[in-house]
$ cat final_15.cif   # mmCIF, C-alpha atoms
data_coords
loop_
_atom_site.label_atom_id
_atom_site.label_comp_id
_atom_site.auth_asym_id
_atom_site.auth_seq_id
_atom_site.Cartn_x
_atom_site.Cartn_y
_atom_site.Cartn_z
CA MET E 1 52.90 -159.97 -62.24
CA PRO E 2 54.66 -161.94 -65.07
CA SER E 3 51.33 -163.37 -66.29
CA LEU E 4 49.73 -159.92 -66.16
CA CYS E 5 52.55 -158.46 -68.25
CA ARG E 6 52.32 -161.21 -70.84
CA ASP E 7 48.55 -161.01 -71.17
CA GLY E 8 48.07 -157.29 -70.91
CA ILE E 9 49.18 -154.03 -72.38
CA PHE E 10 52.08 -153.64 -69.95
CA TYR E 11 54.07 -156.34 -71.69
CA GLY E 12 53.69 -154.55 -75.00
CA ILE E 13 54.88 -151.30 -73.44
CA LEU E 14 57.92 -153.03 -71.96
CA GLN E 15 58.79 -154.59 -75.29
CA ARG E 16 58.53 -151.27 -77.13
CA MET E 17 60.79 -149.61 -74.58
CA ARG E 18 63.57 -152.12 -75.10
CA LEU E 19 66.38 -150.81 -77.25
CA THR E 20 67.37 -153.28 -79.93
CA VAL E 21 70.69 -152.95 -81.76
CA ASN E 22 71.47 -155.39 -84.53
CA THR E 23 74.35 -154.62 -86.85
CA TYR E 24 74.62 -158.02 -88.51
CA CYS E 25 72.04 -160.12 -90.33
CA GLY E 26 73.29 -163.66 -90.69
CA GLY E 27 73.05 -165.36 -94.05
CA THR E 28 74.76 -167.53 -96.65
CA SER E 29 74.43 -165.19 -99.62
CA PRO E 30 77.36 -164.33 -101.92
CA VAL E 31 77.50 -160.90 -100.30
CA HIS E 32 77.90 -162.46 -96.86
CA ALA E 33 80.56 -164.84 -98.15
CA CYS E 34 82.57 -162.07 -99.81
CA ASP E 35 85.83 -161.08 -98.14
CA ALA E 36 85.37 -158.14 -95.76
CA ARG E 37 88.39 -156.38 -97.26
CA VAL E 38 86.82 -156.56 -100.70
CA LYS E 39 83.52 -155.15 -99.43
CA ILE E 40 85.24 -152.22 -97.72
CA VAL E 41 87.31 -151.33 -100.78
CA LEU E 42 84.29 -151.64 -103.08
CA LEU E 43 82.26 -149.46 -100.72
CA ALA E 44 84.96 -146.79 -100.95
CA ALA E 45 85.01 -147.08 -104.75
CA TYR E 46 81.21 -146.91 -104.91
CA SER E 47 81.21 -143.81 -102.70
CA VAL E 48 83.70 -142.06 -104.96
CA THR E 49 81.67 -143.07 -108.01
CA LEU E 50 78.50 -141.56 -106.53
CA PHE E 51 80.21 -138.17 -106.22
CA LEU E 52 81.78 -138.35 -109.69
CA VAL E 53 78.58 -139.26 -111.53
CA ASP E 54 76.78 -136.11 -112.67
CA THR E 55 73.93 -137.40 -114.86
CA TRP E 56 70.62 -138.98 -113.98
CA MET E 57 71.42 -142.01 -116.12
CA GLY E 58 74.64 -142.59 -114.19
CA LEU E 59 72.82 -142.17 -110.88
CA ALA E 60 70.14 -144.62 -112.04
CA LEU E 61 72.83 -147.18 -112.88
CA CYS E 62 74.36 -146.69 -109.42
CA ALA E 63 70.93 -147.26 -107.88
CA LEU E 64 70.50 -150.37 -110.04
CA ALA E 65 73.85 -151.72 -108.84
CA PHE E 66 72.78 -151.16 -105.23
CA ALA E 67 69.43 -152.87 -105.84
CA LEU E 68 71.15 -155.92 -107.35
CA VAL E 69 73.55 -156.21 -104.40
CA LEU E 70 70.65 -155.83 -101.94
CA LYS E 71 68.76 -158.57 -103.75
CA ALA E 72 71.81 -160.85 -103.78
CA SER E 73 72.44 -160.27 -100.06
CA GLY E 74 69.02 -161.52 -99.00
CA ILE E 75 68.79 -158.77 -96.38
CA PRO E 76 65.18 -157.61 -95.86
CA PRO E 77 64.78 -154.15 -97.42
CA ARG E 78 62.97 -152.88 -94.32
CA HIS E 79 66.16 -153.39 -92.32
CA VAL E 80 68.00 -151.06 -94.69
CA PHE E 81 65.33 -148.48 -95.43
CA GLY E 82 63.87 -148.34 -91.92
CA LEU E 83 67.01 -147.33 -90.01
CA VAL E 84 67.81 -144.05 -91.72
CA ILE E 85 64.98 -141.78 -90.62
CA PRO E 86 67.45 -139.01 -89.60
CA VAL E 87 68.96 -139.24 -93.07
CA TYR E 88 65.51 -138.80 -94.60
CA VAL E 89 65.15 -135.57 -92.63
CA LEU E 90 68.57 -134.42 -93.85
CA VAL E 91 67.80 -135.08 -97.50
CA ALA E 92 64.41 -133.40 -97.13
CA PHE E 93 66.20 -130.22 -96.02
CA THR E 94 68.63 -130.66 -98.91
CA VAL E 95 65.79 -130.78 -101.43
CA ALA E 96 63.95 -127.87 -99.78
CA PHE E 97 66.97 -125.56 -99.67
CA ASN E 98 67.74 -126.21 -103.33
CA SER E 99 64.13 -125.91 -104.47
CA PHE E 100 63.39 -122.38 -103.32
CA SER E 101 65.11 -119.07 -103.87
CA LEU E 102 64.71 -115.70 -102.16
CA ASP E 103 65.24 -114.02 -105.52
CA VAL E 104 63.86 -116.02 -108.43
CA GLY E 105 65.12 -113.35 -110.80
CA GLN E 106 68.68 -114.38 -109.95
CA ALA E 107 67.93 -118.09 -109.69
CA SER E 108 69.99 -119.03 -112.74
CA ALA E 109 73.04 -117.25 -111.38
CA GLN E 110 72.58 -118.87 -107.98
CA LEU E 111 72.54 -122.31 -109.58
CA GLY E 112 75.68 -121.68 -111.59
CA GLY E 113 77.83 -123.47 -109.04
CA LEU E 114 75.71 -126.59 -109.50
CA ALA E 115 76.01 -126.68 -113.28
CA ASP E 116 78.09 -129.86 -113.13
CA VAL E 117 75.03 -131.75 -111.88
CA SER E 118 72.28 -132.49 -114.37
CA ALA E 119 68.81 -131.12 -113.71
CA GLY E 120 67.29 -133.47 -116.27
CA VAL E 121 64.07 -132.41 -117.98
CA LEU E 122 63.71 -129.49 -115.53
CA ALA E 123 66.94 -127.83 -116.61
CA GLU E 124 65.14 -125.30 -118.83
CA ALA E 125 62.06 -124.83 -116.64
CA ALA E 126 61.49 -121.23 -115.58
CA PRO E 127 61.37 -120.32 -111.86
CA VAL E 128 57.89 -119.87 -110.38
CA PRO E 129 57.40 -116.75 -108.20
CA LEU E 130 55.31 -117.43 -105.11
CA VAL E 131 55.49 -114.44 -102.77
CA GLY E 132 57.26 -111.40 -104.11
CA ALA E 133 60.81 -112.37 -105.12
CA PHE E 134 60.54 -115.68 -103.28
CA GLY E 135 59.75 -118.63 -105.50
CA PHE E 136 60.18 -122.21 -106.57
CA VAL E 137 63.08 -123.17 -108.83
CA PRO E 138 62.42 -126.42 -110.77
CA ALA E 139 66.06 -126.87 -111.77
CA GLY E 140 67.12 -126.46 -108.16
CA PHE E 141 64.51 -129.00 -107.10
CA ALA E 142 65.88 -131.53 -109.60
CA ARG E 143 69.44 -130.97 -108.42
CA GLY E 144 68.36 -131.19 -104.79
CA CYS E 145 66.78 -134.56 -105.53
CA PHE E 146 70.02 -135.60 -107.23
CA PHE E 147 72.04 -134.76 -104.12
CA ALA E 148 69.47 -136.46 -101.88
CA ILE E 149 69.65 -139.71 -103.86
CA ARG E 150 73.43 -139.55 -103.70
CA ILE E 151 73.35 -139.34 -99.92
CA LEU E 152 70.75 -142.10 -99.56
CA LEU E 153 72.63 -144.51 -101.83
CA LEU E 154 75.83 -143.87 -99.89
CA VAL E 155 74.14 -144.61 -96.57
CA PHE E 156 72.29 -147.65 -97.93
CA ALA E 157 75.50 -149.12 -99.35
CA SER E 158 77.21 -148.65 -95.98
CA LEU E 159 74.36 -150.48 -94.27
CA ILE E 160 74.67 -153.39 -96.69
CA VAL E 161 78.31 -153.80 -95.66
CA SER E 162 77.42 -153.53 -91.97
CA PHE E 163 74.55 -156.00 -92.16
CA SER E 164 76.49 -158.59 -94.17
CA THR E 165 79.78 -158.44 -92.24
CA THR E 166 80.45 -159.38 -88.64
CA SER E 167 82.29 -156.97 -86.38
CA THR E 168 85.09 -159.52 -86.09
CA ASP E 169 85.61 -159.55 -89.86
CA LEU E 170 85.49 -155.75 -90.02
CA THR E 171 88.15 -155.33 -87.35
CA ALA E 172 90.28 -158.06 -88.92
CA ALA E 173 90.06 -156.23 -92.25
CA LEU E 174 91.07 -153.00 -90.52
CA ASN E 175 94.05 -154.80 -89.04
CA ASP E 176 95.06 -156.03 -92.50
CA PHE E 177 94.80 -152.52 -93.95
CA MET E 178 97.02 -151.17 -91.17
CA ARG E 179 99.61 -153.93 -91.52
CA PRO E 180 102.15 -151.72 -93.38
CA LEU E 181 102.25 -149.47 -90.29
CA ARG E 182 103.94 -152.26 -88.36
CA ARG E 183 107.21 -151.21 -89.94
CA LEU E 184 106.78 -147.92 -88.10
CA HIS E 185 106.26 -149.86 -84.84
CA VAL E 186 102.56 -149.01 -84.70
CA PRO E 187 100.69 -151.59 -82.57
CA THR E 188 98.11 -152.42 -85.23
CA ASP E 189 96.85 -155.49 -83.37
CA ASP E 190 96.06 -153.39 -80.32
CA VAL E 191 94.34 -150.71 -82.42
CA ALA E 192 92.18 -153.35 -84.12
CA MET E 193 91.35 -154.86 -80.73
CA VAL E 194 90.21 -151.47 -79.43
CA PHE E 195 87.87 -151.06 -82.41
CA SER E 196 86.57 -154.60 -81.93
CA LEU E 197 85.80 -154.01 -78.25
CA ALA E 198 84.11 -150.69 -79.06
CA LEU E 199 81.83 -152.38 -81.61
CA ARG E 200 81.02 -155.22 -79.24
CA PHE E 201 80.14 -152.85 -76.40
CA ILE E 202 77.45 -151.09 -78.47
CA PRO E 203 74.85 -153.91 -78.25
CA VAL E 204 75.97 -154.66 -74.67
CA THR E 205 75.32 -151.03 -73.70
CA ALA E 206 71.96 -151.06 -75.46
CA GLU E 207 70.90 -154.25 -73.69
CA GLU E 208 72.03 -152.94 -70.31
CA PHE E 209 70.20 -149.65 -70.91
CA GLY E 210 66.96 -151.46 -71.73
CA ARG E 211 67.26 -153.70 -68.67
CA VAL E 212 67.90 -150.84 -66.24
CA HIS E 213 65.20 -148.67 -67.82
CA ASP E 214 62.61 -151.42 -67.52
CA ALA E 215 63.60 -152.12 -63.92
CA GLN E 216 63.27 -148.47 -62.91
CA TRP E 217 60.00 -148.08 -64.83
CA SER E 218 58.54 -151.09 -63.01
CA ARG E 219 59.47 -149.35 -59.73
CA GLY E 220 57.46 -146.28 -60.71
CA ALA E 221 60.15 -143.97 -62.10
CA PRO E 222 58.29 -140.97 -63.67
CA PHE E 223 60.04 -140.88 -67.06
CA GLY E 224 57.16 -139.13 -68.80
CA GLU E 225 55.32 -137.46 -65.93
CA GLY E 226 55.72 -134.31 -63.89
CA SER E 227 58.04 -131.37 -64.45
CA LEU E 228 61.17 -131.40 -66.59
CA TRP E 229 63.40 -131.49 -63.50
CA ARG E 230 61.50 -134.48 -62.11
CA ARG E 231 61.87 -136.38 -65.37
CA LEU E 232 65.59 -135.60 -65.54
CA ARG E 233 66.02 -136.91 -62.01
CA ALA E 234 64.17 -140.07 -63.07
CA TRP E 235 66.66 -140.63 -65.89
CA GLN E 236 69.45 -140.26 -63.32
CA THR E 237 68.27 -143.53 -61.81
CA VAL E 238 68.98 -145.16 -65.18
CA LEU E 239 72.27 -143.55 -66.14
CA VAL E 240 74.07 -144.10 -62.83
CA PRO E 241 73.45 -147.89 -62.67
CA LEU E 242 74.16 -148.09 -66.41
CA PHE E 243 77.65 -146.60 -66.07
CA VAL E 244 78.37 -148.64 -62.94
CA GLY E 245 77.44 -151.81 -64.80
CA LEU E 246 79.56 -150.87 -67.81
CA PHE E 247 82.60 -150.15 -65.65
CA ARG E 248 82.08 -153.49 -63.92
CA ARG E 249 81.98 -155.25 -67.31
CA ALA E 250 85.09 -153.38 -68.45
CA ASP E 251 86.96 -154.43 -65.30
CA THR E 252 85.98 -158.06 -65.85
CA LEU E 253 87.08 -157.84 -69.47
CA ALA E 254 90.43 -156.35 -68.48
CA GLN E 255 91.05 -159.20 -66.04
CA ALA E 256 90.14 -161.78 -68.70
CA MET E 257 92.49 -160.18 -71.23
CA ASP E 258 95.29 -160.00 -68.66
CA ALA E 259 94.81 -163.70 -67.87
CA ARG E 260 95.26 -164.44 -71.58
CA CYS E 261 98.54 -162.49 -71.72
CA TYR E 262 97.29 -159.55 -73.78
CA GLY E 263 99.98 -156.90 -73.80
CA ALA E 264 102.85 -159.33 -73.27
CA PRO E 265 105.99 -158.25 -75.16
CA ASP E 266 107.25 -160.09 -78.24
CA VAL E 267 104.04 -162.07 -78.69
CA ARG E 268 102.69 -162.46 -82.21
CA ARG E 269 98.97 -163.05 -82.37
CA THR E 270 97.40 -165.58 -84.67
CA SER E 271 93.94 -165.82 -86.16
CA LEU E 272 91.52 -168.69 -85.88
CA SER E 273 90.08 -168.04 -89.35
CA ASP E 274 91.95 -168.21 -92.64
CA ARG E 275 92.80 -164.66 -93.76
CA ARG E 276 94.37 -165.49 -97.11
CA PHE E 277 93.27 -163.34 -100.03
CA ARG E 278 91.92 -165.78 -102.60
CA ALA E 279 91.74 -165.48 -106.39
CA LYS E 280 87.94 -165.36 -106.28
CA SER E 281 88.04 -162.33 -104.00
CA ALA E 282 90.58 -160.65 -106.28
CA ALA E 283 88.30 -161.24 -109.28
CA VAL E 284 85.30 -159.73 -107.48
CA LEU E 285 87.39 -156.75 -106.41
CA ALA E 286 88.72 -156.16 -109.93
CA ALA E 287 85.25 -156.43 -111.51
CA GLY E 288 83.75 -154.05 -108.97
CA ILE E 289 86.46 -151.43 -109.41
CA VAL E 290 86.21 -151.65 -113.21
CA LEU E 291 82.43 -151.20 -113.03
CA CYS E 292 82.75 -148.20 -110.73
CA GLY E 293 85.43 -146.71 -113.00
CA VAL E 294 83.22 -147.08 -116.07
CA LEU E 295 80.28 -145.43 -114.32
CA ALA E 296 82.43 -142.57 -113.06
CA VAL E 297 84.02 -141.88 -116.43
CA ALA E 298 81.17 -142.55 -118.85
CA TRP E 299 78.32 -140.94 -116.89
#

$ encode --input "final_15.cif" --output "structure tokens"
Amino acid sequence: MPSLCRDGIFYGILQRMRLTVNTYCGGTSPVHACDARVKIVLLAAYSVTLFLVDTWMGLALCALAFALVLKASGIPPRHVFGLVIPVYVLVAFTVAFNSFSLDVGQASAQLGGLADVSAGVLAEAAPVPLVGAFGFVPAGFARGCFFAIRILLLVFASLIVSFSTTSTDLTAALNDFMRPLRRLHVPTDDVAMVFSLALRFIPVTAEEFGRVHDAQWSRGAPFGEGSLWRRLRAWQTVLVPLFVGLFRRADTLAQAMDARCYGAPDVRRTSLSDRRFRAKSAAVLAAGIVLCGVLAVAW
């Protein structure tokens, strides 16, 4: 059976069915080496800038900044552009809803609320009636594309941070941001640990799902055959073992944490890595915020 799977089509089917989750692409680029706290703050500043920019030139400069960071990160573009298919559908609806009007005679009045966003060369283009009062509005199409690019750049920038930062660094940065709450007796270390465990369980759950699914498929589970009720019952054979396995892993994890004295009172945790905020990181943060501020104000 193993040789048959490797040499035949069944092995390819099994491989395609496996669910792969990869949220980090290792590398030694400057983006990977940048402090996680700096990347999170710059992502927030970039997001605000995207929604403050209202001209095509400003949006083009934001896209150029993203392209330069993507190039510097060394992350394959297909990893970034290939994971946002649902976002593509969302922006397609955004463009469609802004491009057409049920009453082209009132199209200019309908677009009045979007006057703060440039329509570029299509700003003065007249609406085109198609069927009766329904028609295509060029200015609305341009503004819809503007909104779509905004959304895509925001998602792409978030993926750059996710792909270039480990989950450990992200949770450590979250812990540093919540540090002032310690004065209010908020258990910030425990909150950060919860987020860290949640992130780590995502690929574990995906791997367990793929393993159970393949095992049940090899036993003849009719995932794509028969009536809807039969297929739902087939998925039951996957979900039940999946949750049992996850609870078993969670119980093992709880015992391991208890053996390491997690939750003990008056215990201050330390970090294996150096978490000092260096001058180089401060310079990168200042330069990034200044650049975002210039884009937001000037464009």

$ resolve_selection --input "final_15.cif" --expression "the PyMOL selection byres ((chain E and resi 215) around 12)" --output "ChimeraX atom specification"
/E:14,17-18,208-214,216-221,237-238,241-242

$ resolve_selection --input "final_15.cif" --expression "the PyMOL selection byres ((chain E and resi 197) around 10)" --output "PDB file with C-alpha atoms, in the frame of the given file"
ATOM      1  CA  SER E 167      82.290-156.970 -86.380  1.00  0.00           C
ATOM      2  CA  THR E 168      85.090-159.520 -86.090  1.00  0.00           C
ATOM      3  CA  THR E 171      88.150-155.330 -87.350  1.00  0.00           C
ATOM      4  CA  ALA E 192      92.180-153.350 -84.120  1.00  0.00           C
ATOM      5  CA  MET E 193      91.350-154.860 -80.730  1.00  0.00           C
ATOM      6  CA  VAL E 194      90.210-151.470 -79.430  1.00  0.00           C
ATOM      7  CA  PHE E 195      87.870-151.060 -82.410  1.00  0.00           C
ATOM      8  CA  SER E 196      86.570-154.600 -81.930  1.00  0.00           C
ATOM      9  CA  ALA E 198      84.110-150.690 -79.060  1.00  0.00           C
ATOM     10  CA  LEU E 199      81.830-152.380 -81.610  1.00  0.00           C
ATOM     11  CA  ARG E 200      81.020-155.220 -79.240  1.00  0.00           C
ATOM     12  CA  PHE E 201      80.140-152.850 -76.400  1.00  0.00           C
ATOM     13  CA  ILE E 202      77.450-151.090 -78.470  1.00  0.00           C
ATOM     14  CA  ALA E 250      85.090-153.380 -68.450  1.00  0.00           C
ATOM     15  CA  LEU E 253      87.080-157.840 -69.470  1.00  0.00           C
TER      16      LEU E 253
END

$ atom_distance --input "final_15.cif" --atom1 "atom CA of E:Ala72" --atom2 "atom CA of E:Ser158"
15.5 Å

$ atom_distance --input "final_15.cif" --atom1 "atom CA of E:Phe136" --atom2 "atom CA of E:Ala92"
15.2 Å

$ residues_near_point --input "final_15.cif" --point "(72.9, -156.5, -90.2)" --cutoff "10 Å" --atoms "all atoms listed in the file" --output "MDAnalysis selection string"
chainID E and resid 21:27 75:76 79:80 159:166

$ residues_around --input "final_15.cif" --residues "stretch 96-98 of chain E" --least-positions-apart "5" --cutoff "7 Å" --atoms "all atoms listed in the file" --output "ChimeraX atom specification"
/E:140-141,144

$ closest_residue --input "final_15.cif" --among "E:Cys34, E:Phe146, E:Gly226, E:Val191" --to "E:Leu50" --atoms "only C-alpha atoms"
E:Phe146

$ atom_distance --input "final_15.cif" --atom1 "atom CA of E:Arg150" --atom2 "atom CA of E:Ala286"
23.4 Å

$ resolve_selection --input "final_15.cif" --expression "the PyMOL selection byres ((chain E and resi 65-68) around 10)" --output "MDAnalysis selection string"
chainID E and resid 46 59:64 69:73 77 153:154 156:157 160 291:292

$ closest_residue --input "final_15.cif" --among "E:Arg260, E:Leu246, E:Arg278, E:Leu152" --to "E:Val204" --atoms "all atoms listed in the file"
E:Leu246

$ closest_residue --input "final_15.cif" --among "E:Leu228, E:Val155, E:Val244, E:Leu170" --to "E:Gly82" --atoms "all atoms listed in the file"
E:Val155

$ residues_around --input "final_15.cif" --residues "E:Asp169" --least-positions-apart "5" --cutoff "9 Å" --atoms "only C-alpha atoms" --output "PyMOL selection string"
chain E and resi 35-37+174

$ residues_around --input "final_15.cif" --residues "E:Leu90" --least-positions-apart "4" --cutoff "10 Å" --atoms "all atoms listed in the file" --output "PDB file with C-alpha atoms, in the frame of the given file"
ATOM      1  CA  VAL E  84      67.810-144.050 -91.720  1.00  0.00           C
ATOM      2  CA  ILE E  85      64.980-141.780 -90.620  1.00  0.00           C
ATOM      3  CA  PRO E  86      67.450-139.010 -89.600  1.00  0.00           C
ATOM      4  CA  THR E  94      68.630-130.660 -98.910  1.00  0.00           C
ATOM      5  CA  VAL E  95      65.790-130.780-101.430  1.00  0.00           C
ATOM      6  CA  ALA E  96      63.950-127.870 -99.780  1.00  0.00           C
ATOM      7  CA  ALA E 148      69.470-136.460-101.880  1.00  0.00           C
ATOM      8  CA  ILE E 151      73.350-139.340 -99.920  1.00  0.00           C
ATOM      9  CA  LEU E 152      70.750-142.100 -99.560  1.00  0.00           C
TER      10      LEU E 152
END

$ closest_residue --input "final_15.cif" --among "E:Val89, E:Trp56, E:Gly74, E:Phe81" --to "E:Val31" --atoms "all atoms listed in the file"
E:Gly74

$ closest_residue --input "final_15.cif" --among "E:Ile40, E:Cys145, E:Ala33, E:Ala45" --to "E:Ala172" --atoms "all atoms listed in the file"
E:Ile40

$ decode --input "final_15.cif" --residues "stretch 172-182 of chain E" --atoms "all heavy atoms" --output "compact mmCIF listing (two decimals), in the first residue's frame"
# COMPACT_ATOMS: atom_id res chain seq x y z
N ALA E 172 5.55 37.99 22.99
CA ALA E 172 6.43 38.75 23.87
C ALA E 172 6.22 40.25 23.68
O ALA E 172 6.23 41.03 24.65
CB ALA E 172 7.89 38.38 23.61
N ALA E 173 6.02 40.68 22.43
CA ALA E 173 5.73 42.09 22.18
C ALA E 173 4.40 42.50 22.80
O ALA E 173 4.28 43.59 23.36
CB ALA E 173 5.72 42.35 20.67
N LEU E 174 3.41 41.62 22.71
CA LEU E 174 2.12 41.90 23.34
C LEU E 174 2.29 42.05 24.86
O LEU E 174 1.69 42.95 25.47
CB LEU E 174 1.14 40.78 23.03
CG LEU E 174 -0.22 40.84 23.72
CD1 LEU E 174 -0.99 42.07 23.29
CD2 LEU E 174 -1.04 39.58 23.44
N ASN E 175 3.11 41.20 25.43
CA ASN E 175 3.36 41.29 26.87
C ASN E 175 4.02 42.62 27.22
O ASN E 175 3.69 43.25 28.24
CB ASN E 175 4.24 40.12 27.30
CG ASN E 175 4.33 40.00 28.81
OD1 ASN E 175 3.53 40.56 29.54
ND2 ASN E 175 5.31 39.25 29.27
N ASP E 176 4.95 43.08 26.38
CA ASP E 176 5.61 44.36 26.64
C ASP E 176 4.62 45.52 26.52
O ASP E 176 4.68 46.49 27.30
CB ASP E 176 6.76 44.56 25.66
CG ASP E 176 7.91 43.60 25.92
OD1 ASP E 176 8.02 43.14 27.07
OD2 ASP E 176 8.67 43.31 24.99
N PHE E 177 3.71 45.45 25.56
CA PHE E 177 2.73 46.52 25.40
C PHE E 177 1.77 46.57 26.59
O PHE E 177 1.27 47.64 26.94
CB PHE E 177 1.93 46.32 24.10
CG PHE E 177 2.73 46.59 22.86
CD1 PHE E 177 2.57 45.79 21.73
CD2 PHE E 177 3.63 47.63 22.82
CE1 PHE E 177 3.31 46.04 20.59
CE2 PHE E 177 4.38 47.90 21.67
CZ PHE E 177 4.22 47.09 20.55
N MET E 178 1.49 45.41 27.19
CA MET E 178 0.56 45.38 28.32
C MET E 178 1.26 45.61 29.66
O MET E 178 0.60 45.58 30.70
CB MET E 178 -0.15 44.02 28.35
CG MET E 178 -1.07 43.76 27.18
SD MET E 178 -2.10 42.29 27.43
CE MET E 178 -0.81 41.04 27.64
N ARG E 179 2.56 45.81 29.66
CA ARG E 179 3.30 45.93 30.90
C ARG E 179 2.76 47.02 31.84
O ARG E 179 2.72 46.82 33.05
CB ARG E 179 4.78 46.18 30.61
CG ARG E 179 5.67 46.20 31.84
CD ARG E 179 7.12 46.21 31.45
NE ARG E 179 7.47 44.99 30.72
CZ ARG E 179 8.66 44.79 30.16
NH1 ARG E 179 9.59 45.72 30.22
NH2 ARG E 179 8.91 43.65 29.54
N PRO E 180 2.32 48.19 31.33
CA PRO E 180 1.77 49.20 32.25
C PRO E 180 0.55 48.72 33.04
O PRO E 180 0.26 49.26 34.11
CB PRO E 180 1.41 50.36 31.32
CG PRO E 180 2.31 50.20 30.14
CD PRO E 180 2.45 48.73 29.96
N LEU E 181 -0.15 47.69 32.52
CA LEU E 181 -1.33 47.19 33.23
C LEU E 181 -0.97 46.40 34.49
O LEU E 181 -1.85 46.09 35.29
CB LEU E 181 -2.15 46.31 32.30
CG LEU E 181 -2.75 47.00 31.06
CD1 LEU E 181 -3.49 45.99 30.20
CD2 LEU E 181 -3.68 48.12 31.47
N ARG E 182 0.31 46.10 34.65
CA ARG E 182 0.71 45.39 35.87
C ARG E 182 0.44 46.21 37.12
O ARG E 182 0.21 45.65 38.19
CB ARG E 182 2.20 45.03 35.79
CG ARG E 182 2.54 43.99 34.74
CD ARG E 182 4.02 43.71 34.70
NE ARG E 182 4.34 42.70 33.70
CZ ARG E 182 5.59 42.33 33.40
NH1 ARG E 182 6.62 42.90 34.01
NH2 ARG E 182 5.80 41.39 32.48
